[in-house]
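Working notes, beginning with the structure itself.
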Amino acid sequence: MRRFFERYGDKVGRPPGTLDLATSTSERPVTISVIQFDPEGVDERVFDDVEQLAALPKRGVTWINVAGVHRPDVIGALGAEFGLHPLLLEDVVHTTQRPKVEEFDDHIYVVLHMISVASLADEDGYAIDGEQVSFVLTPRALLTFQEQAGDVFDTVRDRVRRARGRIRKSGVDYLLYTLLDVVVDHYFLVLERIGERVEELDELLEQPRGGAGLDEVHAVRRALLQLRRTVGPARDVAATLARGDSAFVKKSTLPFFRDVMDHATRVSDSVESLRELTTSLADLHMSRLSHRMNEVMKVLTVIATIFIPMTFIAGVYGMNFVQMPELGWRYGYPAVWAVMLGVGGGLVVYMRKRGWL
Amino acid sequence: MRRFFERYGDKVGRPPGTLDLATSTSERPVTISVIQFDPEGVDERVFDDVEQLAALPKRGVTWINVAGVHRPDVIGALGAEFGLHPLLLEDVVHTTQRPKVEEFDDHIYVVLHMISVASLADEDGYAIDGEQVSFVLTPRALLTFQEQAGDVFDTVRDRVRRARGRIRKSGVDYLLYTLLDVVVDHYFLVLERIGERVEELDELLEQPRGGAGLDEVHAVRRALLQLRRTVGPARDVAATLARGDSAFVKKSTLPFFRDVMDHATRVSDSVESLRELTTSLADLHMSRLSHRMNEVMKVLTVIATIFIPMTFIAGVYGMNFVQMPELGWRYGYPAVWAVMLGVGGGLVVYMRKRGWL
Amino acid sequence: MRRFFERYGDKVGRPPGTLDLATSTSERPVTISVIQFDPEGVDERVFDDVEQLAALPKRGVTWINVAGVHRPDVIGALGAEFGLHPLLLEDVVHTTQRPKVEEFDDHIYVVLHMISVASLADEDGYAIDGEQVSFVLTPRALLTFQEQAGDVFDTVRDRVRRARGRIRKSGVDYLLYTLLDVVVDHYFLVLERIGERVEELDELLEQPRGGAGLDEVHAVRRALLQLRRTVGPARDVAATLARGDSAFVKKSTLPFFRDVMDHATRVSDSVESLRELTTSLADLHMSRLSHRMNEVMKVLTVIATIFIPMTFIAGVYGMNFVQMPELGWRYGYPAVWAVMLGVGGGLVVYMRKRGWL
Amino acid sequence: MRRFFERYGDKVGRPPGTLDLATSTSERPVTISVIQFDPEGVDERVFDDVEQLAALPKRGVTWINVAGVHRPDVIGALGAEFGLHPLLLEDVVHTTQRPKVEEFDDHIYVVLHMISVASLADEDGYAIDGEQVSFVLTPRALLTFQEQAGDVFDTVRDRVRRARGRIRKSGVDYLLYTLLDVVVDHYFLVLERIGERVEELDELLEQPRGGAGLDEVHAVRRALLQLRRTVGPARDVAATLARGDSAFVKKSTLPFFRDVMDHATRVSDSVESLRELTTSLADLHMSRLSHRMNEVMKVLTVIATIFIPMTFIAGVYGMNFVQMPELGWRYGYPAVWAVMLGVGGGLVVYMRKRGWL
Amino acid sequence: MRRFFERYGDKVGRPPGTLDLATSTSERPVTISVIQFDPEGVDERVFDDVEQLAALPKRGVTWINVAGVHRPDVIGALGAEFGLHPLLLEDVVHTTQRPKVEEFDDHIYVVLHMISVASLADEDGYAIDGEQVSFVLTPRALLTFQEQAGDVFDTVRDRVRRARGRIRKSGVDYLLYTLLDVVVDHYFLVLERIGERVEELDELLEQPRGGAGLDEVHAVRRALLQLRRTVGPARDVAATLARGDSAFVKKSTLPFFRDVMDHATRVSDSVESLRELTTSLADLHMSRLSHRMNEVMKVLTVIATIFIPMTFIAGVYGMNFVQMPELGWRYGYPAVWAVMLGVGGGLVVYMRKRGWL
């Protein structure tokens, strides 16, 4: 079972902006890829050294993607280069932030979680992989920080390269929108897979032996809890950006951020609906179970109630007393049958009147 | 069972305003019907080409209804003709939007879902058909987009033709109100059918064998969840329009939008009430079940508790030991009867004192 | 069982302000009673024709009460006479409005529901009768519309006639307050009766056989749901009036509207408390049931567990095998008794150690 | 069982400000005690006539405490003397008001409920006695109205007499604060006793026979409901006073009202926590019950399942057929024992594999 | 079991600002440690007398930590020295305050609870130790009050001494931030331990015999309730400080307070998630229990239902009537076997058809 909560303990008491305790033991390299574009064309470069950034020409929109936040020296150098707030750098490095927007004097910091479904319903439970993605919007450049190199932004890179849509003609704020949109669209994907699984569980739990499905309903609920903690704040992030308080976001880009907000709201609504659905599902299953148990109990009761007194009577005349006058009666045996059937039949009638048969 | 969540996956990573991935494989035609009216008269035309729209005379109120949003070329041409925002066009085409109002500089975009009860309680579960209806309000024209040609707006067309009510004398904002009112009134219809079904379920679940009703209660709750996701935002849409922030909505039309808001609020309240009612219903049913089970168990216990010891005694004197002095006693047999009845009677007294009989 | 939801269906698609579909088939007469008063005296008149209203002298406060909203011609004529908005007239006629205040340029429209307890806990369930009461406040006159002639406002008429309190010295807004106060006071009456019934149910459900009470708890919850839908919006109505935004309500009358708001809030609070109380009641009852069932089961288990093995042993020595050496043993019979009692006693000791006895 | 809801019925339809229907039949006297103080000294007087109040000298702070609100003439005379609003007087007399602050032009009216624990967990259930206390703050005098003479304000009187704290040096608003603080402190007392009782219940319900505790949990929940209806609005009262909108409350007194607000918030939080705790408690108890029942059932099943087939076999060979070859077999008897033990042992193995033993 | 609610009773009726009823019987010493620092250096002193404070030089930032609030004379003298509000002093001494910020004219008062996990899941239940920490921010000095000397602030002292981070270069507001951050970071630690325990419980409750885990789930829920009452208001405290309304907090420090707020929000979110998770956990466990019970009951029913009628038949032919013709039949015995197996087999078929086997 994957951990539901991360460790925070080793951070207590360190000064803010401390970067050196991050997972710096890792030897994974950090890749810095830079895309510069304007309506006329695109320049792509890959660095593994921050100093090289200083030599970048000023041109159109600059998108610097940093894949890997485990090297505090790199993050620190970037921070110095772009004049970023130390708290911002700390948040970039400590990848358990709550999604949020933080506006500084000359840049905006956005944190979101990119989630994807690593596995659904396999033996490890529902593994929802979450990766923190940080965005720093400065007037002419957008910095993005991923925990590891991934392909989630490839579609956007492609659009930049091929000049599809308006991305080449728009500013850095539109680029930010495009990337947020990709992140939120992935929420839909995760939600969709969970939704499908819930539909399957709905059918599974209709089966009498569907009890195993209950464990999975619990796992789904757990996954939805995680999703909600990711999506709810993401909605607030989009709403904050869509309000347009910031000087960095052009008015013409606001409808796009509103669009992202709408999407996040829809995901959020659906998470709530799914939560209620799973609750209703589990209740229904338990009700069915009670019904079935009731049926079973009724049969036991009917059989036992009818035969227990009859067996008692048979037992009586199985006793070996020397003096048992009934045993010698001529019609003793049929009479006992009559009594036994009478008792049994009477009980059947009684139970039928009570509505149990 | 109908799908509770739609697929979004194929949209991830495409630029906003992309129209070409809609269900364009479909060969269904798109019908563009135009009604132009002023207090003096009405002109009705049907086009299947957007270019013809350019030739429309300017006259009173123009209502352009587009039945079918699967032809991106048509939607795109309309967008170009009326200067609509690309995001708006995308929302028109991707018919899984959350109900919302979006105000642009020179037009207002409204999305609602028109729902109708396709089937209730038949073998397919509760199928609530939802169709996205988009409205674009410009100063002199109203564009409406339906997923397919339907008759839901026919009553309004009729009112325009016959000049019933004030519709012919009012502006394009009043026309928008009229159509929203029709959509919200359909919510009432759906709610009413669900409400009736809940009343039937209430009676059904009173029956001892009403267990099958529980599955339907679950289906109803599911339908109410869907309804809530439709109606709640619709209420917000009406409230936004009724606030009258927009320059396109005349002050004299505001009471009408408030009226729509009141209706949507009423639907919304009723959905919540129905949800609580179904919960209460299911709880009540489970309680009754427990009661009945309790009764059944008590009878089993009483019968078994009384006869099991008596049967044991009879069993003892059915043993074949050579040396069983009681068997030879003169009053052994009646004595054993006395003991057995004494034990049974004592247990009856005990149970009566415990309040189980 | 009374209907929980009203039919709305036949209204879909009609233009707003349509009055002619109301229950106009009814031949019940409409009574229009007019009371005019100032500190000096009172004039009472009864009309059955709207035209006569035009001839009313202008004097102090004019209160026009219309008992019966089923005659659209009457309502329409009144609307024309006082210049009322068509939507207002529609709301007056269609008596399923949500309680609300609507401010127009020269009149305020208030809708409330007057409820009374038609029957509690009789064979028809909880019948809460609701009647829509509409108030139109104009600068000098108050129009009230009741669904049918009733005596709920008689106490107010009486106060006007006898000049009790400040009513004759105050304006038309104070008259409105007085009538709203009467309506809200009736909520208290209904609530009180439900509250009493809940107390009785509390005692009833303490009885072991109180299961029938559960059905009534459900009925109470249903009634409380209905009450809440009536009272909650009524509170908002009073709050809106108490805010004093309207030019029609004198500042000196505001404390009175605040008083009505306080009353409605108290009713509203009590409805919530009662809802929680009934939930707690039902839970408690179910818990008691489980406890009792547990007790019953324990007795069954104890008796059965003790005697079933003993009966088996007796059964063994009731077998008729030729070769059963134990049967001939001198102390076979007492030995078997010893074994049986040993087994039974051992089980008793075991169960006592498990804490079941 | 004490009544949870009070009667309101006899008030319907009377004009506001009607005082004469209060419990005026009572012959209990009304005590009016006046304390006047300034930093130099204290004057205490007791009247039983309102006229004497007119002769009071003007001096420092005047605190008039009226013990008993059942004499409308007294209340009316006081109202006339201090120019109080008739609605205020009505609220003083009708002692079922919701806690609230009402600001009039030249006085502020505050209603709270003083509660105390009359009895906890005795045979009458949880009796929470509530008494309405009204405060009228005028620029130089504070009027307080208690339902009956009591000693709850004695500590404050004492502080005035002994000049403890700053009370003698402060104004009438500080006196109001002091009294509110006493009222809210009593909520803590009640809460504390309930809290202690809940801890005892927690331990009681751990016992297998703790079922009786469930009834008390219900009573506690009921008491908490009552407490919440008292405390929640009391918090709002303190918050309103702490906002300092009123000209009567000096800025230097605001921190004290904020302090009262903090206390009331704490009570309010604790009430909620206790409510959740009792719910969790009841759930836990029910779970334990289910567990224990499960254990009991398992034993019954195991015993019955093992012995019922064995008993059947013994029964077979207890039959008296003439032709039963097995009976004459040499090893028939041991063979039957072997079969019986084989069946029983096989079932034990089966059940062990299912994890039931 | 630790007390869930503290005693308040002995405080009722005392004037505000009364310090003398605190636990002054204690002879524990009060330690006053002073740290003064500026970018150039640090001075540390320890006093046990307040008078010595007056002789402190004015230099950079002064941090006065008071360990022990049980000596009212010390607190009172400090209050006089720094001109603190008497209510503030009372709140410092009475260590059951709700977390809050109180702004006075020349100082800000902040109360938080420092919590730590004393023990988890040992025999005393979940003991969450809470200690009230008070902060008084004046323009140049920060006063902190701990209930007892502890090491929680040692990391900060260390940072001051070693000039790590920006603490030596920043003002007294940054020092306040640093300490709040330490307090909130401890919430993470507590939450983390509870989170781990919940994961263990999740696994424990999967075991059939995991019933004991339910008691612990209850204890966890109780601990989460306590945590919530601590963390929720702490979040509000940070939010208030982050709003920057106060003149004492420099604009450049606001992002740091926002950071604390983000952390507290995350803790708060996680507490809610854990609460839902434990609820879901308990539900799941109960469902599994029901499932298992159902299985057990079914086996009992099947066995009993099959053998009870067969045993009855055997009992019949064990009777000793003289006239029982079947006993003498040639194939009587095999016939009876056939009947018995027929009955048993028939029942098996029936139950298989009902889906119980």
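Scheme for the structure tokens: letters A, B, ... for chains in order shown; per-chain residue numbers from 1; ligand numbers from 1 in order shown.
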What's the 6 Å shell around range 141-145 of chain C, counting only C-alpha atoms, without same-chain residues fewer than 3 positions away, as a list in words? Val61, Thr62, Trp63, Ile64, Asn65, Val66, Ala67, Val133, Ser134, Phe135, Val136, Leu137 and Thr138 of chain C
Distance filter 6 Å, only C-alpha atoms, chain A against chain B, as an MDAnalysis selection string: chainID A and resid 155 165 182 185 189 301 312 315:316 318:322
Which residues in range 16-181 of chain B does DSSP call strand (DSSP E or B)? List them as a ChimeraX atom specification. /B:31-38,41-47,61-67,100-103,108-122,125-137,141-146
What's the 8 Å shell around Pro139 in chain D, counting only C-alpha atoms, without same-chain residues fewer than 3 positions away, as a PyMOL selection string? chain D and resi 106-107+172+248
Residues at most 10 Å from His263 in chain B, counting only C-alpha atoms, excluding those fewer than 5 positions away in the same chain, as a list in words?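 After dropping sequence-adjacent residues, the list is Asp181, Val184, Asp185, Tyr187, Phe188, Arg235, Ala238, Phe257, Arg258, Ser268 and Asp269 of chain B; Gln97 and Arg98 of chain C.
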File dump, residues just selected, N, CA and C atoms, as a PDB file, in the first residue's frame:
ATOM      1  N   ASP B 181     -36.031  29.829 -19.809  1.00  0.00           N
ATOM      2  CA  ASP B 181     -37.192  29.415 -19.036  1.00  0.00           C
ATOM      3  C   ASP B 181     -37.689  28.041 -19.485  1.00  0.00           C
ATOM      4  N   VAL B 184     -35.277  25.408 -18.091  1.00  0.00           N
ATOM      5  CA  VAL B 184     -35.453  25.171 -16.655  1.00  0.00           C
ATOM      6  C   VAL B 184     -36.793  24.478 -16.378  1.00  0.00           C
ATOM      7  N   ASP B 185     -37.802  24.829 -17.147  1.00  0.00           N
ATOM      8  CA  ASP B 185     -39.087  24.155 -16.952  1.00  0.00           C
ATOM      9  C   ASP B 185     -38.967  22.656 -17.202  1.00  0.00           C
ATOM     10  N   TYR B 187     -36.453  20.918 -16.375  1.00  0.00           N
ATOM     11  CA  TYR B 187     -35.915  20.329 -15.142  1.00  0.00           C
ATOM     12  C   TYR B 187     -37.056  19.925 -14.218  1.00  0.00           C
ATOM     13  N   PHE B 188     -38.066  20.789 -14.159  1.00  0.00           N
ATOM     14  CA  PHE B 188     -39.222  20.474 -13.320  1.00  0.00           C
ATOM     15  C   PHE B 188     -39.858  19.156 -13.744  1.00  0.00           C
ATOM     16  N   ARG B 235     -28.580  27.359 -11.865  1.00  0.00           N
ATOM     17  CA  ARG B 235     -29.055  28.400 -10.984  1.00  0.00           C
ATOM     18  C   ARG B 235     -28.069  29.568 -10.951  1.00  0.00           C
ATOM     19  N   ALA B 238     -28.407  31.701 -14.054  1.00  0.00           N
ATOM     20  CA  ALA B 238     -29.550  32.618 -14.013  1.00  0.00           C
ATOM     21  C   ALA B 238     -29.264  33.772 -13.050  1.00  0.00           C
ATOM     22  N   PHE B 257     -35.266  37.275 -15.599  1.00  0.00           N
ATOM     23  CA  PHE B 257     -34.146  36.395 -15.262  1.00  0.00           C
ATOM     24  C   PHE B 257     -34.205  35.990 -13.782  1.00  0.00           C
ATOM     25  N   ARG B 258     -34.657  36.943 -12.931  1.00  0.00           N
ATOM     26  CA  ARG B 258     -34.815  36.577 -11.520  1.00  0.00           C
ATOM     27  C   ARG B 258     -35.836  35.455 -11.371  1.00  0.00           C
ATOM     28  N   SER B 268     -33.466  23.128  -7.462  1.00  0.00           N
ATOM     29  CA  SER B 268     -32.293  22.778  -6.678  1.00  0.00           C
ATOM     30  C   SER B 268     -32.689  22.353  -5.266  1.00  0.00           C
ATOM     31  N   ASP B 269     -33.555  23.124  -4.632  1.00  0.00           N
ATOM     32  CA  ASP B 269     -34.050  22.754  -3.300  1.00  0.00           C
ATOM     33  C   ASP B 269     -34.704  21.386  -3.322  1.00  0.00           C
TER      34      ASP B 269
ATOM     35  N   GLN C  97     -44.978  28.879  -5.642  1.00  0.00           N
ATOM     36  CA  GLN C  97     -43.770  29.712  -5.611  1.00  0.00           C
ATOM     37  C   GLN C  97     -42.910  29.398  -4.390  1.00  0.00           C
ATOM     38  N   ARG C  98     -41.636  29.638  -4.547  1.00  0.00           N
ATOM     39  CA  ARG C  98     -40.733  29.643  -3.414  1.00  0.00           C
ATOM     40  C   ARG C  98     -40.936  30.968  -2.690  1.00  0.00           C
TER      41      ARG C  98
END
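Within 10 Å of Phe47 in chain C, once only C-alpha atoms are used and residues closer than 6 positions along the same chain are dropped, the contacting residues are Val30, Thr31, Ile32, Ser33, Val34, Leu53 and Val66 of chain C.
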Quick one: DSSP helix (DSSP H, G or I) residues in range 128-256 of chain E, as a ChimeraX atom specification? /E:154-162,167-169,172-204,212-243,251-256
